[in-house]
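*Asks:* Below is one structure. I have some questions about it.
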Amino acid sequence: MSVSDTEKKPMQKSPSDIPAVKVQDVSITYRTTFERVPTFKSALVRFGRGERAVREVKAVQNVSFDVNHGTTIGIIGANGAGKSTLMRAVAGILPPTTGRIEVHGRVSTLLSLGVGFNAALSGKENVVLGGLAAGLSRKEIEARYEEIAEFAELGDFMEMPMRTYSSGMFSRLAFSVAVHMDPDILLIDEALSAGDASFKTKAAAKMSELVTNSRTMFLVSHAMSSVRELCNDCIWLHKGKLMMRGEPNEVIQAYTKFLQVGEAEAVSLEDL
Amino acid sequence: MNATSVDEEFNPSVHVYEPHKVGLPALRPYFKALWQRREFAAEMSRTNIRAANTNTFFGQVWLVLNPLLLAAVYYLLVDIIAGGSSKIDAGERFAHMCGGLFAFYYFSGAMTAGAASVVGGGKLLMNQSFPRMLLPLSAVRTAFFRFLPTLVVYLVIHLAMRQPLHWAMLLAPAFLIMLTVFAAGMGMIFAALQVYFRDTTSFLPYFVRIWLYLSPVLWFAEQAPAKFKGFIQYNPLYPLIGGWADLLVRGDIPKWQMWAGGGFWAVVAFVIGSLFFMSREREFVVRL
């Protein structure tokens with residue numbers, strides 16, 4: 001992404017008064033089944049017994065916050081805190097049950113549950129499909145494809161089925177696709193754990209480049225050091241509730257204290 | 001897409017996500033987004049066809065070989081059941097069976113592939129926001145392109161069986177269109193059902209098989225056994241495939257009831273299927 005890209009696409013409204021993302025009193029409750037494989041047979045059996053396997057999950061409860069353009073916001077919290085659910089809501093994949101989310105800008109996601117790749121297809125086909133699903137035109141994808149392939153450094157593997165990829169290659173391509181979709185808002189959910197050291201450095205550089213180009217970034221991470229390094233804002237979620245919002249250092253401190261894990265220990269567990 | 005976009009028309013990059021009112025997303029932006037991304041469905045079906053054909057020895061030839069083998073199997077079956085002595089002209093019967101079978105397999109292929117499309121689309125579904133209806137529609141497109149070569153096969157059979165060509169045969173695609181719309185609707189219904197009940201996959205083949213025997217594929221529409229005649233017209237495939245075969249094989253223009261029936265079922269299936277699918281699609285993410 002070059003500087004000309006930013007010039008080409010000026011901010012819709014002055015960034016100071018319209019936040020990039022506005023989350024207003026959002027709750028997300030969904031009903032899901034806890035069966036391993038939901039089948040008609042087991043539904044019948046349960047119906048006979050008068051049981052239900054559907055349970056309500058209150059993933060996010062009454063969360064409100066605004067994020068301004070150009071902010072890099074870290075989202076931290078224990079497993080099951082609702083971080084990923086919140087990210088999906090911002091991406092428009094999972095609509096809120098109550099409340100309202102306003103997103104100004106094109107969103108690109110790098111979510112934790114693997115990227116939308118079909119292992120039987122080649123890397124190239126997957127890039128094209130993903131781009132089309134995201135609403136880009138074929139021309140726009142072609143224009144970006146070279147950059148994506150180059151950044152991912154996969155060489156000939158781009159033409160091979162993705163089942164032949166290693167997990168590091170997978171995440172390299174995923175990251176490359178996400179950052180080259182020319183996003184105004186980039187959502188990254190713990191997707192940087194794979195990939196070798198040199199790629200991590202490259203990825204971190206790319207992210208800070210996006211931030212300096214006043215892109216907005218959401219970074220969900222258990223790696224406190226990367227949150228501290230990259231973010232200038234931070235949110236702590238716990239069991240679906242917003243616990244704290246503020247300076248990354250303060251929030252992380254409060255969070256680690258809450259977990260009753262010493263700072264040093266938390267650091268040693270992490271990876272970018 | 002799940003976006004209930006207020007000002008999307010002026011500014012495509014502003015999205016507002018709110019809970020839906022009656023369980024359905026706002027229809028206009030939904031179909032707009034669907035139309036914008038039609039290229040995605042097309043590309044998906046193209047890559048799927050490519051991937052399916054590169055792995056087998058005969059490759060593309062299977063698209064022709066499959067229907068031929070199918071016709072041979074069913075011809076044998078029907079001939080044996082009929083005791084080898086048939087009153088009707090054997091050539092016409094064989095041509096009719098092929099025409100009907102190819103159309104039926106097109107329908108069942110589109111329906112079953114559409115049914116599997118959502119569960120099979122797992123990762124893409126969980127990570128991107130797009131109108132989910134693209135998945136079953138893409139499956140229908142795949143089935144259609146797999147069906148096209150069988151039309152040529154049919155034409156060869158038609159001529160080889162010394163059946164006359166009629167101008168009315170040119171009307172047959174009208175029934176094909178209705179059949180396609182009907183298949184898309186059924187595909188969407190089963191696609192949504194399969195998210196909730198995964199065993200639909202194992203149950204669907206039997207359902208399809210029974211449906212085949214109840215449809216005028218192995219027999220002519222007017223030959224329905226007296227015992228079934230009362231209700232067999234209510235089988236949606238009765239007018240759809242019956243009309244198709246009448247036009248294609250014998251060049252008879254079907255009665256208006258066939259046209260009306262076919263159109264009625266196509267519209268009903270598509271409307272119910274799409275409404276049901278849309279009302280369920282935002283739950284797919286948490287159910288997969």
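Residues are referred to by chain and number: the chain letter is A, B, ... according to the order shown in the structure tokens, the number counts from 1 in that chain, and ligands are numbered separately from 1 in the order shown.
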Can you tell me which residues surround range 38-42 of chain A at a distance of at most 8 Å, considering only C-alpha atoms, apart from same-chain residues fewer than 6 positions away, and format the answer as JSON, numbers by chain?
*Replies:* {"B": [196, 197, 198, 199, 200]}
*Asks:* Using only C-alpha atoms, which chain A residues lie at most 6 Å away from chain B, written as a PDB file with C-alpha atoms, in the first residue's frame?
*Replies:*
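Once written, part17.pdb looks like this:
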```pdb
ATOM      1  CA  THR A  32     -26.370 -22.635  19.795  1.00  0.00           C
ATOM      2  CA  PRO A  38     -26.539 -31.847  15.506  1.00  0.00           C
ATOM      3  CA  THR A  39     -28.717 -34.498  13.922  1.00  0.00           C
ATOM      4  CA  PHE A  40     -32.382 -35.020  13.379  1.00  0.00           C
ATOM      5  CA  GLY A  92     -20.870  -7.654  10.151  1.00  0.00           C
ATOM      6  CA  ILE A  93     -20.713 -11.425  10.341  1.00  0.00           C
ATOM      7  CA  PRO A  96     -26.021  -7.684  17.441  1.00  0.00           C
ATOM      8  CA  THR A  97     -29.048  -8.884  19.382  1.00  0.00           C
ATOM      9  CA  THR A  98     -29.655  -5.437  20.754  1.00  0.00           C
ATOM     10  CA  ARG A 100     -26.252  -0.725  17.216  1.00  0.00           C
ATOM     11  CA  ILE A 101     -22.880  -0.814  15.518  1.00  0.00           C
ATOM     12  CA  GLU A 102     -21.828   1.806  13.055  1.00  0.00           C
ATOM     13  CA  VAL A 103     -18.784   1.217  10.917  1.00  0.00           C
ATOM     14  CA  HIS A 104     -17.304   3.919   8.716  1.00  0.00           C
ATOM     15  CA  GLY A 105     -14.923   2.432   6.248  1.00  0.00           C
ATOM     16  CA  ARG A 106     -14.034  -0.791   4.572  1.00  0.00           C
ATOM     17  CA  GLY A 116     -11.945 -18.408   4.653  1.00  0.00           C
ATOM     18  CA  LEU A 132     -14.919 -11.367  -4.530  1.00  0.00           C
ATOM     19  CA  ALA A 133     -16.773 -12.386  -1.375  1.00  0.00           C
ATOM     20  CA  GLY A 135     -17.133  -7.253  -2.541  1.00  0.00           C
TER      21      GLY A 135
END
```
*Asks:* Enumerate the residues of range 45-217 of chain A with a DSSP assignment of strand (DSSP E or B), computed from the backbone, and present them as a VMD selection string.
*Replies:* chain A and resid 54 to 67 72 to 76 98 to 104 107 to 110 122 161 185 to 189 216 to 217
*Asks:* Return the single residue from B:Trp62, B:Tyr30, B:Phe228, B:Tyr238 that is closest to Pro216 in chain B, with distances computed using only C-alpha atoms.
*Replies:* B:Tyr238
*Asks:* I'd like the interatomic distance between CA of Phe277 in chain B and CA of Met111 in chain B, to a tenth of an Å.
*Replies:*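 Result for CA of Phe277 in chain B versus CA of Met111 in chain B: 13.9 Å, one decimal.
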*Asks:* Would you give me, as an mmCIF file with C-alpha atoms, in the first residue's frame, the residues in range 24-258 of chain A that DSSP reads as alpha helix (DSSP H)?
*Replies:*
```
data_model
loop_
_atom_site.group_PDB
_atom_site.id
_atom_site.type_symbol
_atom_site.label_atom_id
_atom_site.label_comp_id
_atom_site.auth_asym_id
_atom_site.auth_seq_id
_atom_site.Cartn_x
_atom_site.Cartn_y
_atom_site.Cartn_z
ATOM 1 C CA PHE A 40 -32.382 -35.020 13.379
ATOM 2 C CA LYS A 41 -32.236 -38.287 15.279
ATOM 3 C CA SER A 42 -30.842 -36.725 18.420
ATOM 4 C CA ALA A 43 -33.357 -33.910 18.102
ATOM 5 C CA LEU A 44 -36.134 -36.510 18.110
ATOM 6 C CA VAL A 45 -34.664 -38.331 21.069
ATOM 7 C CA ARG A 46 -34.383 -35.111 23.003
ATOM 8 C CA PHE A 47 -37.879 -34.114 22.041
ATOM 9 C CA GLY A 48 -39.131 -37.413 23.429
ATOM 10 C CA ARG A 49 -37.365 -36.738 26.705
ATOM 11 C CA LYS A 83 -13.514 -10.681 22.108
ATOM 12 C CA SER A 84 -13.940 -12.697 18.948
ATOM 13 C CA THR A 85 -17.696 -12.308 19.020
ATOM 14 C CA LEU A 86 -17.293 -8.560 19.246
ATOM 15 C CA MET A 87 -14.884 -8.595 16.312
ATOM 16 C CA ARG A 88 -17.352 -10.549 14.240
ATOM 17 C CA ALA A 89 -20.086 -8.117 15.080
ATOM 18 C CA VAL A 90 -17.918 -5.234 13.922
ATOM 19 C CA ALA A 91 -17.147 -7.147 10.737
ATOM 20 C CA GLY A 123 -3.725 -20.027 -2.969
ATOM 21 C CA LYS A 124 -4.444 -17.853 -5.943
ATOM 22 C CA GLU A 125 -7.983 -19.130 -6.367
ATOM 23 C CA ASN A 126 -8.604 -18.580 -2.696
ATOM 24 C CA VAL A 127 -7.355 -15.022 -2.854
ATOM 25 C CA VAL A 128 -9.643 -14.293 -5.788
ATOM 26 C CA LEU A 129 -12.635 -15.951 -4.131
ATOM 27 C CA GLY A 130 -12.079 -14.195 -0.831
ATOM 28 C CA GLY A 131 -11.749 -10.849 -2.548
ATOM 29 C CA LEU A 132 -14.919 -11.367 -4.530
ATOM 30 C CA ALA A 133 -16.773 -12.386 -1.375
ATOM 31 C CA ARG A 138 -12.071 -8.717 -10.349
ATOM 32 C CA LYS A 139 -9.982 -5.775 -11.526
ATOM 33 C CA GLU A 140 -9.337 -4.576 -8.010
ATOM 34 C CA ILE A 141 -8.236 -8.043 -7.013
ATOM 35 C CA GLU A 142 -5.898 -8.358 -9.956
ATOM 36 C CA ALA A 143 -4.367 -5.034 -9.057
ATOM 37 C CA ARG A 144 -3.672 -6.262 -5.543
ATOM 38 C CA TYR A 145 -2.743 -9.807 -6.337
ATOM 39 C CA GLU A 146 0.919 -9.149 -7.135
ATOM 40 C CA GLU A 147 1.397 -7.308 -3.873
ATOM 41 C CA ILE A 148 -0.323 -10.044 -1.922
ATOM 42 C CA ALA A 149 1.765 -12.815 -3.451
ATOM 43 C CA GLU A 150 4.954 -10.865 -3.010
ATOM 44 C CA PHE A 151 4.293 -9.996 0.588
ATOM 45 C CA ALA A 152 3.352 -13.568 1.497
ATOM 46 C CA SER A 167 0.354 -23.634 8.921
ATOM 47 C CA GLY A 168 2.884 -20.836 8.760
ATOM 48 C CA MET A 169 2.311 -20.404 5.054
ATOM 49 C CA PHE A 170 -1.393 -20.386 5.687
ATOM 50 C CA SER A 171 -1.199 -17.555 8.127
ATOM 51 C CA ARG A 172 1.275 -15.628 6.002
ATOM 52 C CA LEU A 173 -1.104 -15.652 3.082
ATOM 53 C CA ALA A 174 -4.022 -14.794 5.343
ATOM 54 C CA PHE A 175 -2.213 -11.825 6.801
ATOM 55 C CA SER A 176 -1.089 -10.655 3.404
ATOM 56 C CA VAL A 177 -4.633 -10.813 2.044
ATOM 57 C CA ALA A 178 -6.050 -8.956 5.023
ATOM 58 C CA VAL A 179 -3.635 -6.031 4.895
ATOM 59 C CA HIS A 180 -3.692 -5.669 1.123
ATOM 60 C CA ALA A 197 10.338 -14.648 13.202
ATOM 61 C CA SER A 198 11.224 -12.740 10.059
ATOM 62 C CA PHE A 199 7.635 -12.730 8.899
ATOM 63 C CA LYS A 200 6.462 -11.524 12.285
ATOM 64 C CA THR A 201 8.806 -8.585 12.051
ATOM 65 C CA LYS A 202 7.566 -7.860 8.566
ATOM 66 C CA ALA A 203 3.960 -8.148 9.698
ATOM 67 C CA ALA A 204 4.553 -5.802 12.613
ATOM 68 C CA ALA A 205 6.179 -3.290 10.277
ATOM 69 C CA LYS A 206 3.251 -3.513 7.905
ATOM 70 C CA MET A 207 0.811 -2.965 10.729
ATOM 71 C CA SER A 208 2.561 0.125 11.978
ATOM 72 C CA GLU A 209 2.665 1.380 8.404
ATOM 73 C CA LEU A 210 -1.102 1.004 8.202
ATOM 74 C CA VAL A 211 -1.492 2.834 11.461
ATOM 75 C CA THR A 212 0.647 5.740 10.358
ATOM 76 C CA MET A 224 0.541 -8.124 26.157
ATOM 77 C CA SER A 225 3.796 -6.885 24.734
ATOM 78 C CA SER A 226 2.422 -6.534 21.231
ATOM 79 C CA VAL A 227 -0.628 -4.748 22.557
ATOM 80 C CA ARG A 228 1.671 -2.402 24.449
ATOM 81 C CA GLU A 229 3.890 -1.857 21.436
ATOM 82 C CA LEU A 230 1.293 -1.400 18.723
ATOM 83 C CA PRO A 248 -2.800 0.159 27.178
ATOM 84 C CA ASN A 249 -0.367 0.148 30.081
ATOM 85 C CA GLU A 250 -2.986 0.883 32.685
ATOM 86 C CA VAL A 251 -5.511 -1.538 31.288
ATOM 87 C CA ILE A 252 -2.972 -4.315 30.987
ATOM 88 C CA GLN A 253 -1.851 -3.719 34.517
ATOM 89 C CA ALA A 254 -5.376 -3.907 35.826
ATOM 90 C CA TYR A 255 -6.057 -6.991 33.749
ATOM 91 C CA THR A 256 -2.993 -8.897 34.849
ATOM 92 C CA LYS A 257 -3.653 -7.969 38.417
ATOM 93 C CA PHE A 258 -7.163 -9.222 37.996
#
```
*Asks:* Within 12 Å of Phe207 in chain B, counting only C-alpha atoms, which residues qualify if same-chain residues fewer than 5 places away don't, as a list of chain:residue names?
*Replies:*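 After dropping sequence-adjacent residues, the list is B:Ser108, B:Met111, B:Thr112, B:Phe190, B:Thr200, B:Thr201, B:Ser202, B:Leu212, B:Tyr213, B:Leu214.
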*Asks:* May I have the residues within 6 Å of Gly251 in chain B as a VMD selection string, using only C-alpha atoms and disregarding those fewer than 3 positions away in the same chain?
*Replies:* chain B and resid 166 168 to 169 247 to 248
*Asks:* To one decimal in Å, tell me the separation between CA of Tyr105 in chain B and CA of Lys227 in chain B.
*Replies:*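 Separation between CA of Tyr105 in chain B and CA of Lys227 in chain B: 26.1 Å.
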*Asks:* Excluding range 69-81 of chain B and any residue of its chain fewer than 2 positions from it, enumerate the residues within 10 Å of it, using only C-alpha atoms, and give them as number ranges by chain.
*Replies:* B: 62, 64-67, 83-86, 90, 93-95, 97-102, 105, 218-219
*Asks:* For a test of reading the model, state the distance in Å between CA of Arg46 in chain B and CA of Phe145 in chain B, rounded to one decimal.
*Replies:*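 Calculated distance between CA of Arg46 in chain B and CA of Phe145 in chain B is 9.1 Å.
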